[in-house]
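Only one structure is covered here, and it is reproduced in the block below.
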Amino acid sequence: TSFGFKEVNEEEKARMVGNVFTNVAASYDVMNDLMSAGLHRLWKDRLVSKLNPFPGMKHLDVAGGTGDVAFRILETINKAKLRGLRDVFEDTLEEETQIYVCDINPSMLNVGKQRALERGFGQDRSLVWVEGDAENLSFKNDSMDGYTIAFGIRNVTHIEKVLNEAYRVLKRGGRFLCLELSHVDIPIFKELYDLYSFSVIPAMGELVAGDRGSYQYLVESIRRFPPQDKFASMIADAGFQKVEYENLVGGVVAIHSGLKV
Ligand code: SAM
């Protein structure tokens, strides 16, 4: 069975993606843990360690959803401050750290804001929640030190537009980092992974979230996403230099990165 995405037009696709995330917002975090057996936490840790966040930085996390990546960035910065890196960053500390979480779906952002309160980030003025479209960002040119997008670019209508916008808002020297479910190219492991994603994930979605269709769509969107090398060349086409990627778990996920010089 297919969700029939190839036949629908772009406007319809955008609306359906909207529905998917409104439907899954409440169960999103639990489902992430279940589907990845908790591994998504390690993948996000890896993403943030590659970013190397620093106090005073201006960072944009796009498709930031329920705040997972932004919380990690903020925690890393707060730890750096505690470790006595204060002296090193004396100048930048004067400037306020700003982590923008941008997502198109207000339901996802609301879950994120609630989690921020629970995690004690309620008073932290560094976190800014912004409703917006990755394809058409409201941020100024050359305004960000870093840009991350985790499990988000697969769902957008025009990947190229998202990459162009990422390039536009980054400062020179700014890093682009993308964590995404990607392609496994190892025999046997690939077959097992296909079996898992096409059979187990939709069933889990039905059981836990009461929503088979949304999870079926998520699996199909993984198949349609460009393979690692193709995606790397798209990032380079947007203007980025030093484009590279790292496969995790044999390509189940990949972290792509690029530099604006
Ligand atoms: N980054 C979070 C994480 O890793 O847990 C959330 C990932 S979630 C799978 C994908 C998110 O992308 C959803 O919150 C959805 O609303 C958002 N999204 C989809 N299309 C978008 C767009 N065009 N612009 C911004 N966000 C979008």
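Each chain of the structure tokens is named A, B, ... in the order shown, its residues numbered from 1; ligands are numbered from 1 in display order.
A distance cut-off of 7 Å from ligand 1, applied to only C-alpha atoms and all ligand atoms, picks out the residues A:Val17, A:Gly18, A:Phe21, A:Val62, A:Ala63, A:Gly64, A:Gly65, A:Thr66, A:Gly67, A:Asp68, A:Val69, A:Cys102, A:Asp103, A:Ile104, A:Asn105, A:Met108, A:Gly132, A:Asp133, A:Ala134, A:Glu135, A:Ile149, A:Ala150, A:Phe151, A:Gly152, A:Asn155, A:Val156, A:Thr157.
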With N, CA and C atoms retained, could you export that selection as an mmCIF file, in the first residue's frame?
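Saved as part.cif:
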data_model
loop_
_atom_site.group_PDB
_atom_site.id
_atom_site.type_symbol
_atom_site.label_atom_id
_atom_site.label_comp_id
_atom_site.auth_asym_id
_atom_site.auth_seq_id
_atom_site.Cartn_x
_atom_site.Cartn_y
_atom_site.Cartn_z
ATOM 1 N N VAL A 17 1.854 16.972 4.921
ATOM 2 C CA VAL A 17 2.957 16.959 5.887
ATOM 3 C C VAL A 17 2.528 17.694 7.149
ATOM 4 N N GLY A 18 1.797 18.802 6.957
ATOM 5 C CA GLY A 18 1.280 19.541 8.105
ATOM 6 C C GLY A 18 0.400 18.665 8.967
ATOM 7 N N PHE A 21 2.330 16.004 11.080
ATOM 8 C CA PHE A 21 2.984 16.440 12.309
ATOM 9 C C PHE A 21 2.004 16.957 13.345
ATOM 10 N N VAL A 62 16.396 24.589 12.353
ATOM 11 C CA VAL A 62 15.203 24.590 11.502
ATOM 12 C C VAL A 62 14.498 23.239 11.580
ATOM 13 N N ALA A 63 13.180 23.261 11.433
ATOM 14 C CA ALA A 63 12.354 22.069 11.656
ATOM 15 C C ALA A 63 12.636 21.546 13.063
ATOM 16 N N GLY A 64 12.795 22.491 13.976
ATOM 17 C CA GLY A 64 13.254 22.195 15.340
ATOM 18 C C GLY A 64 12.249 21.461 16.191
ATOM 19 N N GLY A 65 11.005 21.407 15.740
ATOM 20 C CA GLY A 65 9.974 20.590 16.374
ATOM 21 C C GLY A 65 9.906 20.774 17.874
ATOM 22 N N THR A 66 10.134 19.702 18.584
ATOM 23 C CA THR A 66 9.932 19.719 20.027
ATOM 24 C C THR A 66 11.199 20.102 20.797
ATOM 25 N N GLY A 67 12.176 20.664 20.112
ATOM 26 C CA GLY A 67 13.299 21.306 20.798
ATOM 27 C C GLY A 67 14.515 20.441 21.126
ATOM 28 N N ASP A 68 14.490 19.187 20.725
ATOM 29 C CA ASP A 68 15.566 18.254 21.091
ATOM 30 C C ASP A 68 16.970 18.771 20.792
ATOM 31 N N VAL A 69 17.166 19.309 19.589
ATOM 32 C CA VAL A 69 18.507 19.753 19.192
ATOM 33 C C VAL A 69 18.859 21.046 19.931
ATOM 34 N N CYS A 102 13.008 27.061 14.780
ATOM 35 C CA CYS A 102 12.023 27.424 13.765
ATOM 36 C C CYS A 102 11.322 26.171 13.262
ATOM 37 N N ASP A 103 9.994 26.187 13.265
ATOM 38 C CA ASP A 103 9.230 25.045 12.748
ATOM 39 C C ASP A 103 7.946 25.569 12.134
ATOM 40 N N ILE A 104 7.470 24.870 11.134
ATOM 41 C CA ILE A 104 6.270 25.302 10.423
ATOM 42 C C ILE A 104 5.001 24.923 11.180
ATOM 43 N N ASN A 105 5.161 24.000 12.131
ATOM 44 C CA ASN A 105 3.980 23.442 12.788
ATOM 45 C C ASN A 105 3.834 23.908 14.245
ATOM 46 N N MET A 108 3.880 21.239 17.109
ATOM 47 C CA MET A 108 5.193 20.750 17.498
ATOM 48 C C MET A 108 5.888 21.778 18.400
ATOM 49 N N GLY A 132 7.764 29.194 11.278
ATOM 50 C CA GLY A 132 8.217 29.635 9.961
ATOM 51 C C GLY A 132 8.563 28.480 9.041
ATOM 52 N N ASP A 133 8.693 28.817 7.760
ATOM 53 C CA ASP A 133 8.922 27.829 6.710
ATOM 54 C C ASP A 133 10.403 27.810 6.327
ATOM 55 N N ALA A 134 10.993 26.626 6.353
ATOM 56 C CA ALA A 134 12.402 26.463 6.004
ATOM 57 C C ALA A 134 12.721 26.971 4.600
ATOM 58 N N GLU A 135 11.716 26.996 3.741
ATOM 59 C CA GLU A 135 11.935 27.417 2.358
ATOM 60 C C GLU A 135 11.912 28.931 2.201
ATOM 61 N N ILE A 149 19.517 21.224 10.927
ATOM 62 C CA ILE A 149 18.195 20.706 10.569
ATOM 63 C C ILE A 149 18.265 19.197 10.794
ATOM 64 N N ALA A 150 17.446 18.707 11.734
ATOM 65 C CA ALA A 150 17.497 17.291 12.095
ATOM 66 C C ALA A 150 16.176 16.631 11.726
ATOM 67 N N PHE A 151 16.228 15.636 10.910
ATOM 68 C CA PHE A 151 15.047 14.883 10.487
ATOM 69 C C PHE A 151 13.962 15.820 9.969
ATOM 70 N N GLY A 152 14.371 16.851 9.253
ATOM 71 C CA GLY A 152 13.415 17.841 8.780
ATOM 72 C C GLY A 152 13.442 18.031 7.274
ATOM 73 N N ASN A 155 11.174 16.185 4.639
ATOM 74 C CA ASN A 155 9.737 16.450 4.528
ATOM 75 C C ASN A 155 9.391 17.726 3.771
ATOM 76 N N VAL A 156 10.384 18.499 3.360
ATOM 77 C CA VAL A 156 10.049 19.780 2.728
ATOM 78 C C VAL A 156 9.706 19.561 1.252
ATOM 79 N N THR A 157 9.074 20.573 0.646
ATOM 80 C CA THR A 157 8.654 20.449 -0.746
ATOM 81 C C THR A 157 9.826 20.670 -1.702
#
Worksheet item: Where in range 5-237 of chain A does DSSP assign alpha helix (DSSP H), given as number ranges by chain?
Response: A: 10-24, 28-35, 39-51, 68-80, 90-94, 106-118, 159-169, 189-195, 201-204, 212-224, 228-237
Fill in: Ser214 in chain A surroundings by only C-alpha atoms, 12 Å radius, close-in-sequence under 4 positions cut, as a PyMOL selection string
chain A and resi 2-3+5+16-25+27-28+31+201-206+209-210+218-221
Which residues of range 46-72 of chain A have any atom within 12 Å of an atom in range 242-248 of chain A when counting only C-alpha atoms, and what is the closest pair of atoms for each, with the distance in Å to one decimal? Order the rows by chain and rising number and write it as CSV.
residue,atom,partner,partner_atom,distance
A:Arg46,CA,A:Leu248,CA,9.6
A:Leu47,CA,A:Glu246,CA,10.2
A:Lys50,CA,A:Glu246,CA,10.6
Worksheet item: Tell me, which residues of range 97-159 of chain A carry DSSP strand (DSSP E), written as an MDAnalysis selection string?
Response: chainID A and resid 98:103 127:131 144:150
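Checking A:Leu181, A:Leu137, A:Val200, A:Ala80 one by one against Trp43 in chain A, counting only C-alpha atoms, you find the shortest gap at A:Leu181.
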Discussion item. Give me the residues near Gln241 in chain A as number ranges by chain, where near means some atom within 12 Å (using only C-alpha atoms) and where sequence neighbours in that chain fewer than 6 positions away do not count.
Written reply: A: 167, 172-176, 232-235, 256-261
With C-alpha atoms retained, write the just-selected residues as a PDB file, in the first residue's frame.
ATOM      1  CA  TYR A 167      23.284  29.585   2.913  1.00  0.00           C
ATOM      2  CA  ARG A 172      30.784  33.728   6.487  1.00  0.00           C
ATOM      3  CA  GLY A 173      32.472  30.999   8.511  1.00  0.00           C
ATOM      4  CA  GLY A 174      29.065  29.662   9.567  1.00  0.00           C
ATOM      5  CA  ARG A 175      28.374  25.919   9.553  1.00  0.00           C
ATOM      6  CA  PHE A 176      25.478  24.028   8.016  1.00  0.00           C
ATOM      7  CA  ALA A 232      26.135  16.296  -0.751  1.00  0.00           C
ATOM      8  CA  SER A 233      26.288  17.667  -4.303  1.00  0.00           C
ATOM      9  CA  MET A 234      23.023  19.559  -3.742  1.00  0.00           C
ATOM     10  CA  ILE A 235      24.577  21.201  -0.664  1.00  0.00           C
ATOM     11  CA  HIS A 256      26.014  16.224   6.164  1.00  0.00           C
ATOM     12  CA  SER A 257      27.949  19.410   6.734  1.00  0.00           C
ATOM     13  CA  GLY A 258      29.065  22.434   4.784  1.00  0.00           C
ATOM     14  CA  LEU A 259      30.815  25.723   5.398  1.00  0.00           C
ATOM     15  CA  LYS A 260      29.934  29.179   4.087  1.00  0.00           C
ATOM     16  CA  VAL A 261      33.212  30.907   3.256  1.00  0.00           C
TER      17      VAL A 261
END
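A straight line drawn from CA of Lys81 in chain A to CA of Gln114 in chain A is 25.2 Å long.
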